[in-house]
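Asker: Next up is a structure, given as structure tokens.
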Protein chains: 2
Amino acid sequence: MTSQVVPEPSADLLHLATAVRSAATGLGQSSNQERQQALSAMALSLEAHADRIVDANRQDLAQASADGLAPALVARLKLDVQKLAGAISGVRQLSALDDPLGVRQLHRELADGLVLERVTVPLGVLGVIFEARPDAVIQIASLAIRSGNGAILKGGSEAKRTNHAVMQSLKEGLACTSVSADALDLLTTREESLALLRLDGLVDLIIPRGSNELVRFIQDNTRIPVLGHADGVCHLYVDKEVDCLQALRIAIDSKTQYPAACNAIETLLVHREIAPTFLQIALPAFEEAGVMLRGDAVSKSLGVKEVATADDWSQEYLDLLLAVRVVNDLSEALEHIRRFGSRHTEAIATTNQDTAEYFLRAVDSSGVYHNCSTRFADGFRYGFGAEVGISTQTLPPRGPVGLEGLVTYRYRLRGDGHIAADFAEGRDQFSHREIPLRET
Amino acid sequence: MTSQVVPEPSADLLHLATAVRSAATGLGQSSNQERQQALSAMALSLEAHADRIVDANRQDLAQASADGLAPALVARLKLDVQKLAGAISGVRQLSALDDPLGVRQLHRELADGLVLERVTVPLGVLGVIFEARPDAVIQIASLAIRSGNGAILKGGSEAKRTNHAVMQSLKEGLACTSVSADALDLLTTREESLALLRLDGLVDLIIPRGSNELVRFIQDNTRIPVLGHADGVCHLYVDKEVDCLQALRIAIDSKTQYPAACNAIETLLVHREIAPTFLQIALPAFEEAGVMLRGDAVSKSLGVKEVATADDWSQEYLDLLLAVRVVNDLSEALEHIRRFGSRHTEAIATTNQDTAEYFLRAVDSSGVYHNCSTRFADGFRYGFGAEVGISTQTLPPRGPVGLEGLVTYRYRLRGDGHIAADFAEGRDQFSHREIPLRET
């Protein structure tokens with residue numbers, strides 16, 4: 001995708017996007033119950049069409065094998081009865097979560113009879129570009145409908161039969177509800193997914209789920225806001241006052257529990273006073289866990305075998321590789337994170353509470369942890385039910401983004417003939433009296 | 001500015017921005033009291049240097065007159081003792097507002113001993129580009145410091161002596177406090193303000209306050225998020241069931257109370273059943289208020305003198321001009337707003353509560369009003385104390401943006417050696433128990 005020029009949207013794509021937008025406008029005004037019924041109907045329809053979906057997936061898998069797709073990708077592509085059942089159960093769990101819409105965030109009397117409120121509303125239409133995993137269609141579609149948003153999805157071509165069968169089932173489910181089936185649609189060609197980036201005014205948020213290269217290309221080629229992250233260069237800093245065994249457990253888990261994840265650590269920073277002691281137990285443990293270390297000069301002198309070059313500090317290995325650097329103190333660790341980090345998730349291992357709190361305040365990442373694994377940076381683990389991705393942007397939503405991150409808000413002001421001139425000219429005065437949020 | 005190419009940042013600019021960033025990092029960890037003291041010191045220093053500031057402004061005014069600047073611009077440029085006192089009082093009011101930082105938005109036990117919280121933190125460094133009004137420096141600087149953010153400001157060249165004197169006073173004030181005076185700085189050249197757009201990683205949010213052309217140029221030439229809006233094409237829809245006199249008062253106020261404001265209406269939509277009655281009283285009233293109307297065929301047939309062309313529907317006149325269109329029903333009004341509106345602020349005048357509520361739900365603008373003037377779309381009037389601008393983006397912050405819109409949040413997770421593998425392998429389980437937000 002990344003070598004291509006972004007084309008103008010075709011008439012067909014504009015037609016599709018306009019239909020999704022129009023359905024989303026209706027969906028945005030639906031009740032909580034209507035959206036819950038829509039999710040139930042989607043889940044039922046997926047169950048009813050499980051055979052069709054699994055059959056389509058078998059064809060995709062056969063094609064993938066014939067095309068010589070890497071075994072890891074084939075594994076991600078697979079959607080058998082069990083995985084499908086898990087995804088369907090996820091739809092039902094989302095349905096049970098609190099409604100993210102219609103939440104009143106502010107309620108204030110501006111003047112007698114003039115009342116302001118700020119209420120959560122859907123974003124509109126999500127454009128989601130993802131690779132491989134066809135269960136993502138189910139997850140994203142249900143997050144979108146639950147939060148009152150339309151969604152235009154584009155999956156990887158290797159999953160096209162599966163994605164199509166899933167989308168067809170979801171639409172058939174919606175057809176029995178008050179939510180229009182047009183609220184969801186699937187793009188099939190690469191040209192369409194590129195042109196999606198130009199649908200300002202029809203698509204409100206682009207969510208890329210894929211390689212760093214894909215995300216960076218999208219960020220550079222659209223004026224639509226992009227939710228997500230390119231790099232996940234996470235750090236663990238081992239302080240001088242530390243429970244070495246606990247720090248090591250956290251380091252091993254943060255690196256190895258799923259090395260290909262964005263929340264796995266890529267660099268280990270170790271205070272120089274603890275480095276000899278810590279590395280003495282850590283080196284054999286990393287070796288046993290199959291982790292190859294690349295160290296700076298000091299850590300090399302303490303036994304790390306390979307040398308880290310300047311490039312290593314900003315590398316997202318996504319593999320059993322870990323850069324190691326010995327730092328003189330906490331501020332050198334903070335400076336390293338500021339310079340090379342991607343503002344995803346960083347952790348400190350320390351027994352000193354003051355040091356921990358200082359780190360938690362000073363590090364400017366979407367997640368900052370004390371004495372636990374960076375692998376907890378995840379919407380499910382945070383209790384959000386599901387996530388569309390993890391954002392490393394500065395502005396909200398950041399961190400793992402679930403339902404709450406897929407809504408925005410609107411100010412509503414109700415008066416009885418109130419005009420600004422009366423206030424400017426002293427005939428009326430602002431009261432700015434807070435009204436309890438639950439009062440109607 | 002808009003015909004220029006965005007240059008690479010100079011070494012001087014990088015040096016300045018790095019200093020602001022570094023000061024902002026310290027500021028971000030300051031207490032509420034420290035930031036309140038900083039605002040007090042800023043206010044005191046402005047008072048102490050009032051003569052210097054007003055003198056500098058006199059020189060700017062003399063230069064502006066000599067250069068033949070339009071009288072309206074000269075009026076905006078003026079900063080006399082009275083206007084300065086008003087701005088200083090604004091600084092003290094901001095100081096008294098609730099601290100936007102450190103607000104816990106979420107508090108959840110993920111598992112025994114593993115506790116997640118989401119807490120508001122500053123954005124980092126704001127880059128603010130504004131035209132004319134030198135009191136904006138005071139307002140923006142105090143909003144930035146109150147919300148824990150550094151700020152790099154660039155004002156119009158016609159106010160450069162005033163802006164410099166103000167900034168010098170603010171920095172002298174900060175010098176007596178625990179907040180670094182480096183947290184604020186002023187750019188002086190046009191090249192610098194262009195290069196500011198390239199300071200990704202050093203500047204977190206660009207806030208343009210100026211012409212639509214300026215805002216659009218900035219949006220198109222930076223990867224840094226931009227807060228604000230280009231157009232403000234606001235609408236008032238007069239429903240068939242309406243108190244005509246009240247609707248007219250609202251229409252006149254929305255158009256004339258300050259026609260150059262972004263929240264003034266540009267188009268009046270009138271239900272065809274009420275159009276003859278409404279226009280009969282409205283036409284002479286608009287004429288008396290000096291408002292020139294441009295109408296569609298139906299409203300022309302009802303007495304509007306000038307014809308509106310297709311271009312008029314998307315025009316932001318910023319003047320005593322108003323486009324008028326007669327619509328067949330509410331849904332035609334909604335469709336018109338969807339097509340030509342800028343998602344700023346729209347109002348409905350109706351005595352029918354159901355129609356009003358339908359409009360409030362259906363219109364996708366940052367502000368939607370019932371029976372009141374669109375001129376209320378403003379941070380002061382909403383009770384925010386001050387605003388940096390009004391955002392028409394979909395994602396938050398949108399609408400008038402005050403202190404609360406200048407912060408983001410961070411997830412903090414505190415554990416005691418918790419690792420993800422224990423949960424993945426069933427040795428530990430998530431509890432996801434909510435903790436009351438005020439509990440520590």
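Ordering of the structure tokens sets the chain letters (A, B, ...); residue numbers start at 1 within each chain; ligands are numbered from 1 in the order shown.
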Could you tell me which residues of chain B sit within 8 Å of chain A when counting only C-alpha atoms, and give me the result as a PyMOL selection string?

Answerer: chain B and resi 25+29+110+116+123+204+220+223+246-247+249-250+253-254+257+360-362+364-373+375-376+381-383+394-396+398-399+407-421+430+432

Asker: Identify, on the basis of only C-alpha atoms, every residue whose closest approach to Glu172 (chain A) does not exceed 10 Å; exclude the query and any residue fewer than 3 positions from it along the same chain; express the result as a list in words.

Answerer: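 Contacts, in chain order: Ala41, Met42, Leu44, Ser45, Leu46, His49, Val166, Met167, Gln168, Ser169, Ala175, Cys176, Thr177 and Ala181 of chain A.
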
Asker: Considering only C-alpha atoms, can you say which of B:Ile265, B:Ile207, B:Leu187, B:Ala308 comes closest to Asp12 (chain B)?

Answerer: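 Of B:Ile265, B:Ile207, B:Leu187, B:Ala308, the one nearest Asp12 (chain B), counting only C-alpha atoms, is B:Leu187.
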
Asker: Can you pull out every residue within 6 Å of Val233 (chain A), counting only C-alpha atoms, but drop anything in the same chain fewer than 3 positions away, and send it as a list of chain:residue names?

Answerer: A:Glu266, A:Glu316, A:Gly341, A:Ser342

Asker: How would the residues just picked look written out with N, CA and C atoms as a PDB file, in the first residue's frame?

Answerer:
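So the final result, stored in part.pdb, reads:
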ATOM      1  N   GLU A 266      10.970  -2.937  24.545  1.00  0.00           N
ATOM      2  CA  GLU A 266      12.050  -3.041  23.562  1.00  0.00           C
ATOM      3  C   GLU A 266      13.386  -2.660  24.185  1.00  0.00           C
ATOM      4  N   GLU A 316      11.600  -0.925  17.251  1.00  0.00           N
ATOM      5  CA  GLU A 316      10.558  -1.789  17.794  1.00  0.00           C
ATOM      6  C   GLU A 316      10.825  -3.176  17.220  1.00  0.00           C
ATOM      7  N   GLY A 341      11.461   7.125  23.357  1.00  0.00           N
ATOM      8  CA  GLY A 341      10.183   6.443  23.579  1.00  0.00           C
ATOM      9  C   GLY A 341       9.147   6.853  22.550  1.00  0.00           C
ATOM     10  N   SER A 342       8.069   6.093  22.480  1.00  0.00           N
ATOM     11  CA  SER A 342       6.991   6.401  21.532  1.00  0.00           C
ATOM     12  C   SER A 342       5.731   6.800  22.292  1.00  0.00           C
TER      13      SER A 342
END

Asker: Taking the DSSP secondary structure from the backbone, can you list the residues of region 210-380 of chain B that are strand (DSSP E), as a PyMOL selection string?

Answerer: chain B and resi 234-238+265-271+292-295+306-307+321-327+345-349+367-372

Asker: Restricting the calculation to only C-alpha atoms, which member of A:Ser22, A:Lys83, A:Leu39, A:Leu61 is positioned closest to Leu170 (chain A)?

Answerer: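 Among the listed residues, the smallest separation from Leu170 (chain A) belongs to A:Leu39.
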
Asker: Contacts of Gly150 (chain A) at 7 Å or less, counting only C-alpha atoms, minus same-chain residues fewer than 2 places along, as an NGL selection string?

Answerer: :A and (20-21 or 24 or 124-126 or 144-145 or 148 or 183-184)

Asker: Store the residues picked out above, limited to N, CA and C atoms, as a PDB file, in the first residue's frame.

Answerer:
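Heads up, here's the output in selection-v6.pdb:
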ATOM      1  N   VAL A  20     -23.532   4.792   4.222  1.00  0.00           N
ATOM      2  CA  VAL A  20     -23.113   4.499   5.596  1.00  0.00           C
ATOM      3  C   VAL A  20     -23.354   5.723   6.471  1.00  0.00           C
ATOM      4  N   ARG A  21     -22.985   6.899   5.937  1.00  0.00           N
ATOM      5  CA  ARG A  21     -23.145   8.142   6.699  1.00  0.00           C
ATOM      6  C   ARG A  21     -24.618   8.374   7.040  1.00  0.00           C
ATOM      7  N   ALA A  24     -25.695   6.060   9.630  1.00  0.00           N
ATOM      8  CA  ALA A  24     -25.079   6.431  10.912  1.00  0.00           C
ATOM      9  C   ALA A  24     -25.836   7.579  11.570  1.00  0.00           C
ATOM     10  N   GLY A 124     -19.638   9.469  14.340  1.00  0.00           N
ATOM     11  CA  GLY A 124     -20.235   9.483  13.005  1.00  0.00           C
ATOM     12  C   GLY A 124     -19.910   8.201  12.259  1.00  0.00           C
ATOM     13  N   VAL A 125     -18.866   8.252  11.423  1.00  0.00           N
ATOM     14  CA  VAL A 125     -18.475   7.064  10.644  1.00  0.00           C
ATOM     15  C   VAL A 125     -16.992   6.785  10.883  1.00  0.00           C
ATOM     16  N   LEU A 126     -16.695   5.536  11.218  1.00  0.00           N
ATOM     17  CA  LEU A 126     -15.310   5.108  11.395  1.00  0.00           C
ATOM     18  C   LEU A 126     -14.824   4.443  10.109  1.00  0.00           C
ATOM     19  N   ALA A 144     -18.502  -0.403  16.903  1.00  0.00           N
ATOM     20  CA  ALA A 144     -19.065   0.733  16.178  1.00  0.00           C
ATOM     21  C   ALA A 144     -20.558   0.861  16.463  1.00  0.00           C
ATOM     22  N   ILE A 145     -21.307  -0.229  16.291  1.00  0.00           N
ATOM     23  CA  ILE A 145     -22.757  -0.158  16.478  1.00  0.00           C
ATOM     24  C   ILE A 145     -23.105   0.178  17.931  1.00  0.00           C
ATOM     25  N   GLY A 148     -22.851   3.740  18.460  1.00  0.00           N
ATOM     26  CA  GLY A 148     -23.694   4.569  17.600  1.00  0.00           C
ATOM     27  C   GLY A 148     -23.015   5.068  16.334  1.00  0.00           C
ATOM     28  N   ALA A 183     -25.380   0.723   7.928  1.00  0.00           N
ATOM     29  CA  ALA A 183     -24.428   1.345   8.858  1.00  0.00           C
ATOM     30  C   ALA A 183     -23.058   0.678   8.812  1.00  0.00           C
ATOM     31  N   LEU A 184     -23.008  -0.539   8.259  1.00  0.00           N
ATOM     32  CA  LEU A 184     -21.733  -1.256   8.139  1.00  0.00           C
ATOM     33  C   LEU A 184     -21.488  -1.588   6.684  1.00  0.00           C
TER      34      LEU A 184
END

Asker: Which residues are near Ala56 (chain B)? Cut-off 6 Å, only C-alpha atoms, ignore same chain within fewer than 3 positions. Put them as number ranges by chain.

Answerer: B: 53, 59, 161-162

Asker: Closest to Phe278 (chain B) among B:Gly68, B:Gly232, B:Gly303, B:Pro259, using only C-alpha atoms?

Answerer: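 For Phe278 (chain B), the nearest of the candidates is B:Gly303.
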
Asker: Using DSSP on the backbone coordinates, identify the residues of region 101-192 of chain A assigned to helix (DSSP H, G or I); present them as a PyMOL selection string.

Answerer: chain A and resi 135-146+157-175+181-183+190-192

Asker: Kindly save the residues from that selection, with N, CA and C atoms included, as a short mmCIF file (atom, residue, chain, number, x, y, z; two decimals), in the first residue's frame.

Answerer:
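The resulting out.cif:
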data_model
loop_
_atom_site.label_atom_id
_atom_site.label_comp_id
_atom_site.auth_asym_id
_atom_site.auth_seq_id
_atom_site.Cartn_x
_atom_site.Cartn_y
_atom_site.Cartn_z
N ASP A 135 -11.57 -12.06 12.62
CA ASP A 135 -12.43 -11.81 13.78
C ASP A 135 -12.46 -10.32 14.12
N ALA A 136 -11.48 -9.57 13.60
CA ALA A 136 -11.48 -8.11 13.82
C ALA A 136 -12.74 -7.47 13.25
N VAL A 137 -13.27 -8.01 12.16
CA VAL A 137 -14.49 -7.44 11.56
C VAL A 137 -15.62 -7.48 12.59
N ILE A 138 -15.74 -8.61 13.27
CA ILE A 138 -16.81 -8.77 14.26
C ILE A 138 -16.62 -7.79 15.41
N GLN A 139 -15.40 -7.72 15.91
CA GLN A 139 -15.11 -6.86 17.06
C GLN A 139 -15.34 -5.38 16.72
N ILE A 140 -14.80 -4.96 15.57
CA ILE A 140 -14.91 -3.54 15.20
C ILE A 140 -16.36 -3.17 14.90
N ALA A 141 -17.05 -4.04 14.18
CA ALA A 141 -18.43 -3.75 13.82
C ALA A 141 -19.29 -3.63 15.08
N SER A 142 -19.04 -4.48 16.06
CA SER A 142 -19.89 -4.42 17.25
C SER A 142 -19.53 -3.21 18.12
N LEU A 143 -18.24 -2.86 18.19
CA LEU A 143 -17.85 -1.63 18.89
C LEU A 143 -18.50 -0.42 18.23
N ALA A 144 -18.50 -0.40 16.90
CA ALA A 144 -19.07 0.73 16.18
C ALA A 144 -20.56 0.86 16.46
N ILE A 145 -21.31 -0.23 16.29
CA ILE A 145 -22.76 -0.16 16.48
C ILE A 145 -23.10 0.18 17.93
N ARG A 146 -22.38 -0.43 18.88
CA ARG A 146 -22.66 -0.17 20.30
C ARG A 146 -22.49 1.31 20.61
N SER A 157 -6.59 -8.74 1.86
CA SER A 157 -7.16 -9.48 0.73
C SER A 157 -7.11 -10.99 0.98
N GLU A 158 -6.15 -11.45 1.79
CA GLU A 158 -6.06 -12.90 2.03
C GLU A 158 -7.26 -13.42 2.83
N ALA A 159 -8.02 -12.48 3.48
CA ALA A 159 -9.18 -12.90 4.28
C ALA A 159 -10.48 -12.50 3.59
N LYS A 160 -10.44 -12.25 2.31
CA LYS A 160 -11.59 -11.58 1.70
C LYS A 160 -12.87 -12.40 1.71
N ARG A 161 -12.77 -13.70 1.51
CA ARG A 161 -13.99 -14.53 1.54
C ARG A 161 -14.59 -14.55 2.95
N THR A 162 -13.71 -14.71 3.95
CA THR A 162 -14.18 -14.75 5.34
C THR A 162 -14.82 -13.40 5.72
N ASN A 163 -14.11 -12.33 5.42
CA ASN A 163 -14.62 -11.00 5.77
C ASN A 163 -15.99 -10.75 5.12
N HIS A 164 -16.10 -11.20 3.87
CA HIS A 164 -17.35 -10.99 3.16
C HIS A 164 -18.48 -11.79 3.83
N ALA A 165 -18.19 -13.04 4.18
CA ALA A 165 -19.22 -13.88 4.82
C ALA A 165 -19.62 -13.31 6.18
N VAL A 166 -18.63 -12.80 6.92
CA VAL A 166 -18.93 -12.22 8.22
C VAL A 166 -19.80 -10.97 8.05
N MET A 167 -19.38 -10.09 7.13
CA MET A 167 -20.12 -8.84 6.93
C MET A 167 -21.55 -9.12 6.48
N GLN A 168 -21.70 -10.11 5.58
CA GLN A 168 -23.03 -10.46 5.11
C GLN A 168 -23.92 -10.92 6.28
N SER A 169 -23.34 -11.71 7.17
CA SER A 169 -24.10 -12.19 8.33
C SER A 169 -24.47 -11.04 9.25
N LEU A 170 -23.53 -10.12 9.45
CA LEU A 170 -23.81 -8.97 10.32
C LEU A 170 -24.94 -8.12 9.75
N LYS A 171 -24.89 -7.91 8.44
CA LYS A 171 -25.92 -7.09 7.79
C LYS A 171 -27.27 -7.80 7.83
N GLU A 172 -27.26 -9.12 7.64
CA GLU A 172 -28.51 -9.86 7.72
C GLU A 172 -29.10 -9.77 9.12
N GLY A 173 -28.23 -9.77 10.12
CA GLY A 173 -28.69 -9.61 11.50
C GLY A 173 -29.33 -8.24 11.69
N LEU A 174 -28.63 -7.19 11.22
CA LEU A 174 -29.15 -5.82 11.39
C LEU A 174 -30.47 -5.62 10.65
N ALA A 175 -30.65 -6.34 9.54
CA ALA A 175 -31.85 -6.17 8.73
C ALA A 175 -33.13 -6.44 9.53
N ALA A 181 -28.96 -1.75 8.10
CA ALA A 181 -27.83 -2.59 7.71
C ALA A 181 -26.79 -1.81 6.94
N ASP A 182 -27.19 -0.65 6.41
CA ASP A 182 -26.22 0.20 5.70
C ASP A 182 -25.18 0.82 6.62
N ALA A 183 -25.38 0.72 7.93
CA ALA A 183 -24.43 1.35 8.86
C ALA A 183 -23.06 0.68 8.81
N ARG A 190 -8.02 -2.48 -3.02
CA ARG A 190 -6.96 -1.66 -2.47
C ARG A 190 -7.15 -0.19 -2.83
N GLU A 191 -7.64 0.06 -4.06
CA GLU A 191 -7.87 1.44 -4.49
C GLU A 191 -8.89 2.11 -3.57
N GLU A 192 -9.95 1.36 -3.23
CA GLU A 192 -10.98 1.92 -2.36
C GLU A 192 -10.42 2.26 -0.98
#

Asker: Pick out the residues sitting within 8 Å of Gln36 (chain B), and hand them over as a PyMOL selection string; count only C-alpha atoms, and ignore anything fewer than 4 positions along from it in its own chain.

Answerer: chain B and resi 32+40+95-96+146

Asker: Atoms to include: C-alpha atoms. Write the selected residues as a CSV table (one decimal), in the first residue's frame.

Answerer:
chain,number,residue,atom,x,y,z
B,32,ASN,CA,-2.2,23.8,41.9
B,40,SER,CA,-0.8,36.1,40.7
B,95,SER,CA,-6.4,31.5,38.9
B,96,ALA,CA,-9.6,31.1,41.0
B,146,ARG,CA,-3.1,27.6,34.7

Asker: In Å, how far is it from CA of Ile390 (chain B) to CA of Val327 (chain B)?

Answerer: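 Here the two named atoms are 28.7 Å from each other.
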
Asker: Compare A:Thr355, A:Asn328, A:Asn57, A:Thr392 by their minimum atom-to-atom distance to Pro134 (chain A), counting only C-alpha atoms, and give me the closest one.

Answerer: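 Nearest candidate to Pro134 (chain A) out of A:Thr355, A:Asn328, A:Asn57, A:Thr392: A:Asn57.
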